[in-house]
$ cat protein39.pdb   # PDB, C-alpha atoms
ATOM      1  CA  MET A 877     160.582  76.709 265.093
ATOM      2  CA  THR A 878     161.336  73.021 264.492
ATOM      3  CA  LYS A 879     161.392  72.122 260.828
ATOM      4  CA  ARG A 880     159.565  68.976 259.857
ATOM      5  CA  LEU A 881     158.472  66.966 256.846
ATOM      6  CA  THR A 882     155.402  64.784 256.825
ATOM      7  CA  VAL A 883     155.136  62.020 254.246
ATOM      8  CA  ARG A 884     151.825  60.237 253.688
ATOM      9  CA  ILE A 885     152.203  57.024 251.688
ATOM     10  CA  ARG A 886     148.830  55.823 250.448
ATOM     11  CA  PRO A 887     147.962  52.180 249.743
ATOM     12  CA  ASP A 888     147.516  53.058 246.065
ATOM     13  CA  GLY A 889     151.222  53.958 246.013
ATOM     14  CA  SER A 890     150.728  57.714 245.695
ATOM     15  CA  ILE A 891     152.435  60.032 248.161
ATOM     16  CA  GLU A 892     151.575  63.379 249.718
ATOM     17  CA  ALA A 893     154.295  65.338 251.489
ATOM     18  CA  GLU A 894     154.392  68.661 253.322
ATOM     19  CA  THR A 895     157.084  70.830 254.831
ATOM     20  CA  HIS A 896     156.424  72.588 258.145
ATOM     21  CA  GLY A 897     158.073  75.391 260.080
ATOM     22  CA  MET A 898     160.033  76.782 257.168
ATOM     23  CA  GLN A 899     160.314  80.429 256.266
ATOM     24  CA  GLY A 900     160.542  81.852 252.788
ATOM     25  CA  PRO A 901     162.166  79.739 250.113
ATOM     26  CA  GLU A 902     163.980  77.454 252.571
ATOM     27  CA  CYS A 903     161.375  74.734 251.908
ATOM     28  CA  LEU A 904     162.308  74.528 248.228
ATOM     29  CA  PRO A 905     165.417  72.275 248.546
ATOM     30  CA  TYR A 906     163.242  69.782 250.415
ATOM     31  CA  ILE A 907     161.213  69.069 247.288
ATOM     32  CA  GLU A 908     164.281  67.331 245.879
ATOM     33  CA  THR A 909     164.946  65.668 249.252
ATOM     34  CA  ILE A 910     161.443  64.204 249.343
ATOM     35  CA  GLU A 911     161.727  62.979 245.746
ATOM     36  CA  GLY A 912     165.017  61.280 246.623
ATOM     37  CA  LEU A 913     163.654  59.728 249.811
ATOM     38  CA  THR A 914     160.665  58.215 248.054
ATOM     39  CA  ASP A 915     162.029  57.433 244.554
ATOM     40  CA  ALA A 916     159.147  59.454 243.194
ATOM     41  CA  ARG A 917     158.579  62.589 241.210
ATOM     42  CA  ALA A 918     156.392  65.525 242.130
ATOM     43  CA  VAL A 919     153.353  65.829 239.885
ATOM     44  CA  ASP A 920     151.649  68.664 241.778
ATOM     45  CA  SER A 921     152.532  71.220 244.436
ATOM     46  CA  TRP A 922     150.798  73.887 246.511
ATOM     47  CA  TYR A 923     151.367  76.273 249.395
ATOM     48  CA  THR A 924     150.079  74.955 252.726
ATOM     49  CA  ALA A 925     147.828  76.827 255.180
ATOM     50  CA  GLU A 926     150.987  77.545 257.170
ATOM     51  CA  PHE A 927     152.252  79.600 254.261
ATOM     52  CA  PHE A 928     149.215  81.864 254.470
ATOM     53  CA  GLU A 929     149.392  82.005 258.276
ATOM     54  CA  THR A 930     152.934  83.323 258.087
ATOM     55  CA  GLN A 931     152.174  85.646 255.184
ATOM     56  CA  GLN A 932     149.050  87.363 256.559
ATOM     57  CA  PRO A 933     150.729  89.026 259.580
ATOM     58  CA  ASN A 934     153.418  90.311 257.238
ATOM     59  CA  ARG A 935     150.790  91.918 255.008
ATOM     60  CA  ALA A 936     149.058  93.357 258.063
ATOM     61  CA  THR A 937     152.368  94.725 259.314
ATOM     62  CA  GLN A 938     153.030  96.284 255.918
ATOM     63  CA  GLN A 939     149.549  97.867 255.872
ATOM     64  CA  ALA A 940     150.088  99.276 259.391
ATOM     65  CA  LYS A 941     153.394 100.747 258.276
ATOM     66  CA  GLU A 942     151.728 102.337 255.244
ATOM     67  CA  ARG A 943     148.980 103.814 257.444
ATOM     68  CA  ASN A 944     151.618 105.141 259.827
ATOM     69  CA  ILE A 945     153.473 106.828 256.977
ATOM     70  CA  GLU A 946     150.231 108.401 255.652
ATOM     71  CA  GLU A 947     149.176 109.621 259.093
ATOM     72  CA  HIS A 948     152.513 110.943 260.215
ATOM     73  CA  GLY A 949     154.179 111.712 256.911
TER      74      GLY A 949
ATOM     75  CA  MET B 301     156.935  79.314 253.205
ATOM     76  CA  SER B 302     155.707  75.769 253.562
ATOM     77  CA  THR B 303     154.679  73.663 250.673
ATOM     78  CA  GLY B 304     152.758  70.504 249.849
ATOM     79  CA  LEU B 305     153.548  67.981 247.164
ATOM     80  CA  GLU B 306     151.774  65.144 245.399
ATOM     81  CA  LEU B 307     154.215  62.509 244.179
ATOM     82  CA  ILE B 308     154.035  59.341 242.128
ATOM     83  CA  PRO B 309     156.725  56.678 242.637
ATOM     84  CA  PHE B 310     158.753  55.772 239.542
ATOM     85  CA  ALA B 311     157.360  52.221 239.847
ATOM     86  CA  ILE B 312     153.949  53.579 238.785
ATOM     87  CA  ALA B 313     153.276  55.358 235.510
ATOM     88  CA  ALA B 314     151.860  58.816 236.244
ATOM     89  CA  GLY B 315     148.522  59.759 234.726
ATOM     90  CA  VAL B 316     147.630  56.201 233.732
ATOM     91  CA  SER B 317     144.640  54.351 235.147
ATOM     92  CA  ALA B 318     145.060  50.969 236.842
ATOM     93  CA  ILE B 319     143.524  49.218 233.839
ATOM     94  CA  GLY B 320     144.055  51.052 230.593
ATOM     95  CA  HIS B 321     142.926  50.708 227.001
ATOM     96  CA  TYR B 322     141.833  47.482 225.352
ATOM     97  CA  ARG B 323     143.633  46.481 222.175
ATOM     98  CA  ALA B 324     142.986  43.437 220.019
ATOM     99  CA  ARG B 325     146.315  41.821 219.130
ATOM    100  CA  ARG B 326     145.377  40.642 215.650
ATOM    101  CA  ALA B 327     142.584  41.104 213.177
ATOM    102  CA  GLU B 328     139.624  38.957 214.091
ATOM    103  CA  GLN B 329     139.347  37.492 210.612
ATOM    104  CA  GLU B 330     142.925  36.118 210.567
ATOM    105  CA  LEU B 331     142.090  32.980 212.500
ATOM    106  CA  SER B 332     138.955  31.494 213.830
ATOM    107  CA  GLY B 333     138.017  32.160 217.446
ATOM    108  CA  PRO B 334     138.133  35.358 219.428
ATOM    109  CA  PRO B 335     141.400  37.336 219.071
ATOM    110  CA  PRO B 336     143.852  37.649 221.954
ATOM    111  CA  TYR B 337     143.830  41.104 223.454
ATOM    112  CA  ALA B 338     145.918  43.384 225.651
ATOM    113  CA  LEU B 339     145.059  45.706 228.510
ATOM    114  CA  GLU B 340     147.442  48.494 229.448
ATOM    115  CA  THR B 341     148.670  48.767 233.045
ATOM    116  CA  ARG B 342     150.502  51.437 235.045
ATOM    117  CA  MET B 343     152.965  48.927 236.502
ATOM    118  CA  ARG B 344     156.623  49.522 235.632
ATOM    119  CA  ASP B 345     158.708  47.443 238.042
ATOM    120  CA  GLU B 346     159.185  43.793 237.121
ATOM    121  CA  GLU B 347     160.463  42.734 240.545
ATOM    122  CA  LEU B 348     157.392  44.153 242.268
ATOM    123  CA  LEU B 349     155.115  42.689 239.614
ATOM    124  CA  VAL B 350     156.477  39.175 240.175
ATOM    125  CA  ALA B 351     156.211  39.680 243.950
ATOM    126  CA  ALA B 352     152.608  40.861 243.567
ATOM    127  CA  ALA B 353     151.718  37.749 241.551
ATOM    128  CA  ALA B 354     153.421  35.539 244.146
ATOM    129  CA  ALA B 355     151.495  37.250 246.951
ATOM    130  CA  LEU B 356     148.294  36.290 245.118
ATOM    131  CA  ASP B 357     149.481  32.659 244.988
ATOM    132  CA  ALA B 358     149.857  32.900 241.225
ATOM    133  CA  SER B 359     152.720  31.156 239.468
ATOM    134  CA  THR B 360     155.057  33.248 237.343
ATOM    135  CA  THR B 361     157.555  32.264 234.661
ATOM    136  CA  GLY B 362     159.854  34.373 232.518
ATOM    137  CA  SER B 363     162.016  37.435 233.117
ATOM    138  CA  GLY B 364     163.681  40.349 231.363
ATOM    139  CA  GLY B 365     160.572  42.312 230.586
ATOM    140  CA  ALA B 366     158.220  39.426 229.856
ATOM    141  CA  ALA B 367     156.391  37.097 232.231
ATOM    142  CA  SER B 368     153.562  34.645 232.175
ATOM    143  CA  VAL B 369     151.231  34.616 235.160
ATOM    144  CA  THR B 370     148.755  31.844 235.899
ATOM    145  CA  GLY B 371     146.129  31.745 238.578
ATOM    146  CA  VAL B 372     144.981  35.324 239.216
ATOM    147  CA  ALA B 373     141.181  35.330 239.237
ATOM    148  CA  GLY B 374     141.315  32.049 237.323
ATOM    149  CA  VAL B 375     142.906  33.426 234.156
ATOM    150  CA  GLN B 376     146.264  33.155 232.466
ATOM    151  CA  LEU B 377     147.942  36.323 231.296
ATOM    152  CA  ALA B 378     151.268  37.297 229.805
ATOM    153  CA  LEU B 379     152.991  40.538 230.726
ATOM    154  CA  ALA B 380     155.246  42.365 228.315
ATOM    155  CA  LYS B 381     157.140  45.603 228.804
ATOM    156  CA  ARG B 382     156.240  48.397 226.400
ATOM    157  CA  ASP B 383     158.505  51.130 225.066
ATOM    158  CA  ASP B 384     157.175  53.587 227.649
ATOM    159  CA  GLY B 385     158.333  51.289 230.484
ATOM    160  CA  THR B 386     154.886  50.080 231.537
ATOM    161  CA  PHE B 387     153.741  46.472 231.277
ATOM    162  CA  GLU B 388     150.783  45.462 229.195
ATOM    163  CA  ALA B 389     148.795  42.367 230.051
ATOM    164  CA  LEU B 390     148.007  39.982 227.223
ATOM    165  CA  PHE B 391     145.031  37.666 227.506
ATOM    166  CA  PRO B 392     143.884  34.765 225.326
ATOM    167  CA  GLY B 393     140.829  35.620 223.290
ATOM    168  CA  THR B 394     138.840  33.037 225.197
ATOM    169  CA  ALA B 395     139.326  34.891 228.511
ATOM    170  CA  PRO B 396     136.212  36.952 229.288
ATOM    171  CA  GLN B 397     137.126  40.637 229.537
ATOM    172  CA  GLU B 398     135.344  40.987 232.854
ATOM    173  CA  GLN B 399     137.487  38.217 234.313
ATOM    174  CA  ALA B 400     140.607  39.711 232.761
ATOM    175  CA  ARG B 401     139.866  43.107 234.326
ATOM    176  CA  GLU B 402     139.212  41.440 237.678
ATOM    177  CA  ALA B 403     142.592  39.680 237.496
ATOM    178  CA  LEU B 404     144.386  42.861 236.550
ATOM    179  CA  GLY B 405     142.594  44.796 239.297
ATOM    180  CA  GLN B 406     143.769  42.273 241.889
ATOM    181  CA  LEU B 407     147.317  42.379 240.534
ATOM    182  CA  ASP B 408     147.347  46.186 240.516
ATOM    183  CA  ALA B 409     146.032  46.415 244.097
ATOM    184  CA  GLU B 410     148.705  44.035 245.363
ATOM    185  CA  TYR B 411     151.372  45.814 243.308
ATOM    186  CA  THR B 412     150.535  49.247 244.721
ATOM    187  CA  ARG B 413     150.471  47.796 248.243
ATOM    188  CA  LEU B 414     154.028  46.576 247.628
ATOM    189  CA  VAL B 415     154.986  50.000 246.266
ATOM    190  CA  GLN B 416     153.685  51.526 249.513
ATOM    191  CA  GLU B 417     155.775  49.047 251.527
ATOM    192  CA  ARG B 418     158.892  49.779 249.468
ATOM    193  CA  VAL B 419     158.495  53.561 249.729
ATOM    194  CA  TYR B 420     158.064  53.237 253.509
ATOM    195  CA  GLN B 421     161.286  51.192 253.781
ATOM    196  CA  GLN B 422     163.188  53.637 251.582
ATOM    197  CA  VAL B 423     162.152  56.655 253.635
ATOM    198  CA  ILE B 424     163.176  54.913 256.872
ATOM    199  CA  GLU B 425     166.518  53.811 255.425
ATOM    200  CA  ARG B 426     167.418  57.090 253.717
ATOM    201  CA  ALA B 427     166.208  59.641 256.275
ATOM    202  CA  GLN B 428     169.381  59.792 258.358
ATOM    203  CA  ASP B 429     171.631  60.378 255.327
ATOM    204  CA  GLN B 430     169.387  63.336 254.427
ATOM    205  CA  GLY B 431     169.776  64.897 257.888
ATOM    206  CA  LEU B 432     166.311  63.782 259.005
ATOM    207  CA  ALA B 433     165.178  61.916 262.126
ATOM    208  CA  LEU B 434     161.987  59.864 262.274
ATOM    209  CA  GLU B 435     159.796  61.521 264.898
ATOM    210  CA  SER B 436     156.612  59.481 264.561
ATOM    211  CA  GLU B 437     154.735  57.100 262.324
ATOM    212  CA  ARG B 438     151.127  56.001 262.235
ATOM    213  CA  VAL B 439     148.777  54.006 260.053
ATOM    214  CA  GLU B 440     145.498  55.729 259.261
ATOM    215  CA  GLN B 441     142.073  54.147 258.758
ATOM    216  CA  ASP B 442     142.514  54.040 254.999
ATOM    217  CA  ASN B 443     145.857  52.215 255.527
ATOM    218  CA  SER B 444     147.924  55.257 254.572
ATOM    219  CA  ILE B 445     151.236  55.396 256.435
ATOM    220  CA  VAL B 446     152.093  58.844 257.771
ATOM    221  CA  LEU B 447     155.708  59.530 258.718
ATOM    222  CA  THR B 448     156.838  62.717 260.471
ATOM    223  CA  LEU B 449     160.506  63.550 260.042
ATOM    224  CA  ARG B 450     162.348  66.225 262.003
ATOM    225  CA  VAL B 451     165.012  68.211 260.179
ATOM    226  CA  GLU B 452     168.268  67.740 262.100
ATOM    227  CA  GLN B 453     170.608  69.299 259.563
ATOM    228  CA  ALA B 454     169.113  72.077 257.473
ATOM    229  CA  ARG B 455     169.807  71.925 253.751
TER     230      ARG B 455
END

$ encode --input "protein39.pdb" --output "structure tokens"
Amino acid sequence: MTKRLTVRIRPDGSIEAETHGMQGPECLPYIETIEGLTDARAVDSWYTAEFFETQQPNRATQQAKERNIEEHG
Amino acid sequence: MSTGLELIPFAIAAGVSAIGHYRARRAEQELSGPPPYALETRMRDEELLVAAAAALDASTTGSGGAASVTGVAGVQLALAKRDDGTFEALFPGTAPQEQAREALGQLDAEYTRLVQERVYQQVIERAQDQGLALESERVEQDNSIVLTLRVEQAR
């Protein structure tokens, strides 16, 4: 999957940025990259919907595995 | 894992409103007439501040952390850098507060527009060195600029 950053620069000077297409902690170094690109510091952070989209199948897979173990020993 | 961030440029003081607290600059009984007063601002960058005043057709004199601005919303104000790096705007006691706030509001709006322009330029100029390629850019209805950058070299 192509990795991307989106940077929204508002007319009031504030900035919102998001990483896309990144798995696990590989998005974390980009926090520093975005701060360096914009001469700004992060004042808030959150996981995007994409984070939950990639996490839910993993949980479902784990639950299926657990059911399989219970059913078949 | 993908993440979202809210950032504030260093040119703007975080957590400070565009027009901050009012402070009288001397006791009212010291001299006759209304006392001069100061209004806090969130502006930190002198170069952008002077450019913002110029964009409003105001004249500016002074440098090195202090400037006098004439002609924003019909008032004269002096700007002085505080210890926390922000500028405070000083007004003569005769300047109505409403007019002073109007002037500062205009200055702040122009200043943040210039911050937006500077951040845009910086992202464009620095992207390649960070292993990023500009994929698209657009201006939204609220005048936000949205840049999409493709990662060419993973970090």

$ residues_around --input "protein39.pdb" --residues "Met898 of chain A" --least-positions-apart "4" --cutoff "7 Å" --atoms "all atoms listed in the file" --output "PyMOL selection string"
(chain A and resi 879+902-903) or (chain B and resi 301-302)

$ residues_around --input "protein39.pdb" --residues "Gln422 of chain B" --least-positions-apart "2" --cutoff "12 Å" --atoms "all atoms listed in the file" --output "ChimeraX atom specification"
/A:883,885,910-916 /B:309,415-420,424-430,447

$ residues_around --input "protein39.pdb" --residues "Ser359 of chain B" --least-positions-apart "4" --cutoff "10 Å" --atoms "all atoms listed in the file" --output "MDAnalysis selection string"
chainID B and resid 350 353:355 368:372 376

$ closest_residue --input "protein39.pdb" --among "B:Val316, B:Gln453, B:Arg438, B:Thr412" --to "chain A" --atoms "all atoms listed in the file"
B:Thr412

$ interface_residues --input "protein39.pdb" --of "chain A" --to "chain B" --cutoff "8 Å" --atoms "all atoms listed in the file" --output "PDB file with C-alpha atoms, keeping the file's coordinate frame"
ATOM      1  CA  THR A 878     161.336  73.021 264.492  1.00  0.00           C
ATOM      2  CA  LYS A 879     161.392  72.122 260.828  1.00  0.00           C
ATOM      3  CA  ARG A 880     159.565  68.976 259.857  1.00  0.00           C
ATOM      4  CA  LEU A 881     158.472  66.966 256.846  1.00  0.00           C
ATOM      5  CA  THR A 882     155.402  64.784 256.825  1.00  0.00           C
ATOM      6  CA  VAL A 883     155.136  62.020 254.246  1.00  0.00           C
ATOM      7  CA  ARG A 884     151.825  60.237 253.688  1.00  0.00           C
ATOM      8  CA  ILE A 885     152.203  57.024 251.688  1.00  0.00           C
ATOM      9  CA  ARG A 886     148.830  55.823 250.448  1.00  0.00           C
ATOM     10  CA  PRO A 887     147.962  52.180 249.743  1.00  0.00           C
ATOM     11  CA  ASP A 888     147.516  53.058 246.065  1.00  0.00           C
ATOM     12  CA  GLY A 889     151.222  53.958 246.013  1.00  0.00           C
ATOM     13  CA  SER A 890     150.728  57.714 245.695  1.00  0.00           C
ATOM     14  CA  ILE A 891     152.435  60.032 248.161  1.00  0.00           C
ATOM     15  CA  GLU A 892     151.575  63.379 249.718  1.00  0.00           C
ATOM     16  CA  ALA A 893     154.295  65.338 251.489  1.00  0.00           C
ATOM     17  CA  GLU A 894     154.392  68.661 253.322  1.00  0.00           C
ATOM     18  CA  THR A 895     157.084  70.830 254.831  1.00  0.00           C
ATOM     19  CA  HIS A 896     156.424  72.588 258.145  1.00  0.00           C
ATOM     20  CA  GLY A 897     158.073  75.391 260.080  1.00  0.00           C
ATOM     21  CA  MET A 898     160.033  76.782 257.168  1.00  0.00           C
ATOM     22  CA  GLN A 899     160.314  80.429 256.266  1.00  0.00           C
ATOM     23  CA  GLY A 900     160.542  81.852 252.788  1.00  0.00           C
ATOM     24  CA  PRO A 901     162.166  79.739 250.113  1.00  0.00           C
ATOM     25  CA  GLU A 902     163.980  77.454 252.571  1.00  0.00           C
ATOM     26  CA  CYS A 903     161.375  74.734 251.908  1.00  0.00           C
ATOM     27  CA  PRO A 905     165.417  72.275 248.546  1.00  0.00           C
ATOM     28  CA  TYR A 906     163.242  69.782 250.415  1.00  0.00           C
ATOM     29  CA  ILE A 907     161.213  69.069 247.288  1.00  0.00           C
ATOM     30  CA  THR A 909     164.946  65.668 249.252  1.00  0.00           C
ATOM     31  CA  GLU A 911     161.727  62.979 245.746  1.00  0.00           C
ATOM     32  CA  LEU A 913     163.654  59.728 249.811  1.00  0.00           C
ATOM     33  CA  THR A 914     160.665  58.215 248.054  1.00  0.00           C
ATOM     34  CA  ASP A 915     162.029  57.433 244.554  1.00  0.00           C
ATOM     35  CA  ALA A 916     159.147  59.454 243.194  1.00  0.00           C
ATOM     36  CA  ARG A 917     158.579  62.589 241.210  1.00  0.00           C
ATOM     37  CA  ALA A 918     156.392  65.525 242.130  1.00  0.00           C
ATOM     38  CA  VAL A 919     153.353  65.829 239.885  1.00  0.00           C
ATOM     39  CA  ASP A 920     151.649  68.664 241.778  1.00  0.00           C
ATOM     40  CA  SER A 921     152.532  71.220 244.436  1.00  0.00           C
ATOM     41  CA  TRP A 922     150.798  73.887 246.511  1.00  0.00           C
ATOM     42  CA  TYR A 923     151.367  76.273 249.395  1.00  0.00           C
ATOM     43  CA  THR A 924     150.079  74.955 252.726  1.00  0.00           C
ATOM     44  CA  GLU A 926     150.987  77.545 257.170  1.00  0.00           C
ATOM     45  CA  PHE A 927     152.252  79.600 254.261  1.00  0.00           C
ATOM     46  CA  THR A 930     152.934  83.323 258.087  1.00  0.00           C
TER      47      THR A 930
END

$ resolve_selection --input "protein39.pdb" --expression "the PyMOL selection byres ((chain B and resi 392-399) around 10)" --output "VMD selection string"
chain B and resid 322 324 to 325 328 333 to 339 372 to 378 390 to 391 400 to 405

$ atom_distance --input "protein39.pdb" --atom1 "atom CA of Ala313 of chain B" --atom2 "atom CA of Leu407 of chain B"
15.1 Å

$ atom_distance --input "protein39.pdb" --atom1 "atom CA of Phe387 of chain B" --atom2 "atom CA of Arg342 of chain B"
7.0 Å

$ atom_distance --input "protein39.pdb" --atom1 "atom CA of Ala351 of chain B" --atom2 "atom CA of Ser363 of chain B"
12.5 Å

$ closest_residue --input "protein39.pdb" --among "B:Thr341, B:Ala366, B:Ala352, B:Thr360" --to "Thr386 of chain B" --atoms "only C-alpha atoms"
B:Thr341

$ decode --input "protein39.pdb" --residues "segment 904-927 of chain A" --atoms "N, CA and C atoms" --output "short mmCIF file (atom, residue, chain, number, x, y, z; two decimals), in the first residue's frame"
data_model
loop_
_atom_site.label_atom_id
_atom_site.label_comp_id
_atom_site.auth_asym_id
_atom_site.auth_seq_id
_atom_site.Cartn_x
_atom_site.Cartn_y
_atom_site.Cartn_z
N LEU A 904 5.03 6.39 13.38
CA LEU A 904 5.52 7.25 14.46
C LEU A 904 6.67 8.18 14.06
N PRO A 905 7.67 7.71 13.26
CA PRO A 905 8.73 8.66 12.87
C PRO A 905 8.21 9.84 12.06
N TYR A 906 7.05 9.68 11.45
CA TYR A 906 6.52 10.75 10.60
C TYR A 906 5.94 11.92 11.41
N ILE A 907 5.73 11.70 12.69
CA ILE A 907 5.30 12.82 13.55
C ILE A 907 6.40 13.88 13.55
N GLU A 908 7.63 13.41 13.73
CA GLU A 908 8.78 14.33 13.73
C GLU A 908 8.97 14.95 12.34
N THR A 909 8.76 14.12 11.31
CA THR A 909 8.90 14.63 9.93
C THR A 909 7.92 15.78 9.68
N ILE A 910 6.68 15.58 10.10
CA ILE A 910 5.65 16.61 9.88
C ILE A 910 5.98 17.87 10.68
N GLU A 911 6.46 17.69 11.90
CA GLU A 911 6.84 18.87 12.70
C GLU A 911 7.96 19.65 12.02
N GLY A 912 8.92 18.90 11.45
CA GLY A 912 10.04 19.55 10.76
C GLY A 912 9.61 20.23 9.47
N LEU A 913 8.71 19.61 8.76
CA LEU A 913 8.22 20.19 7.49
C LEU A 913 7.50 21.51 7.72
N THR A 914 6.77 21.59 8.82
CA THR A 914 5.87 22.72 9.04
C THR A 914 6.38 23.75 10.06
N ASP A 915 7.55 23.47 10.68
CA ASP A 915 8.03 24.34 11.76
C ASP A 915 6.95 24.51 12.82
N ALA A 916 6.40 23.41 13.25
CA ALA A 916 5.29 23.45 14.20
C ALA A 916 5.47 22.32 15.21
N ARG A 917 4.73 22.41 16.29
CA ARG A 917 4.79 21.30 17.24
C ARG A 917 3.41 20.71 17.42
N ALA A 918 3.40 19.39 17.61
CA ALA A 918 2.13 18.68 17.79
C ALA A 918 1.56 19.01 19.15
N VAL A 919 0.28 19.39 19.17
CA VAL A 919 -0.37 19.70 20.45
C VAL A 919 -1.46 18.66 20.76
N ASP A 920 -1.77 17.82 19.77
CA ASP A 920 -2.76 16.76 19.99
C ASP A 920 -2.52 15.66 18.95
N SER A 921 -2.91 14.45 19.29
CA SER A 921 -2.77 13.36 18.32
C SER A 921 -3.86 12.33 18.57
N TRP A 922 -4.16 11.54 17.54
CA TRP A 922 -5.20 10.52 17.64
C TRP A 922 -4.95 9.45 16.59
N TYR A 923 -5.59 8.29 16.78
CA TYR A 923 -5.54 7.26 15.75
C TYR A 923 -6.64 7.54 14.74
N THR A 924 -6.34 7.36 13.46
CA THR A 924 -7.35 7.62 12.42
C THR A 924 -8.26 6.40 12.24
N ALA A 925 -9.35 6.59 11.47
CA ALA A 925 -10.27 5.49 11.19
C ALA A 925 -9.53 4.31 10.57
N GLU A 926 -8.51 4.64 9.77
CA GLU A 926 -7.72 3.59 9.11
C GLU A 926 -7.08 2.66 10.15
N PHE A 927 -6.69 3.21 11.26
CA PHE A 927 -6.11 2.41 12.33
C PHE A 927 -7.10 1.35 12.77
#
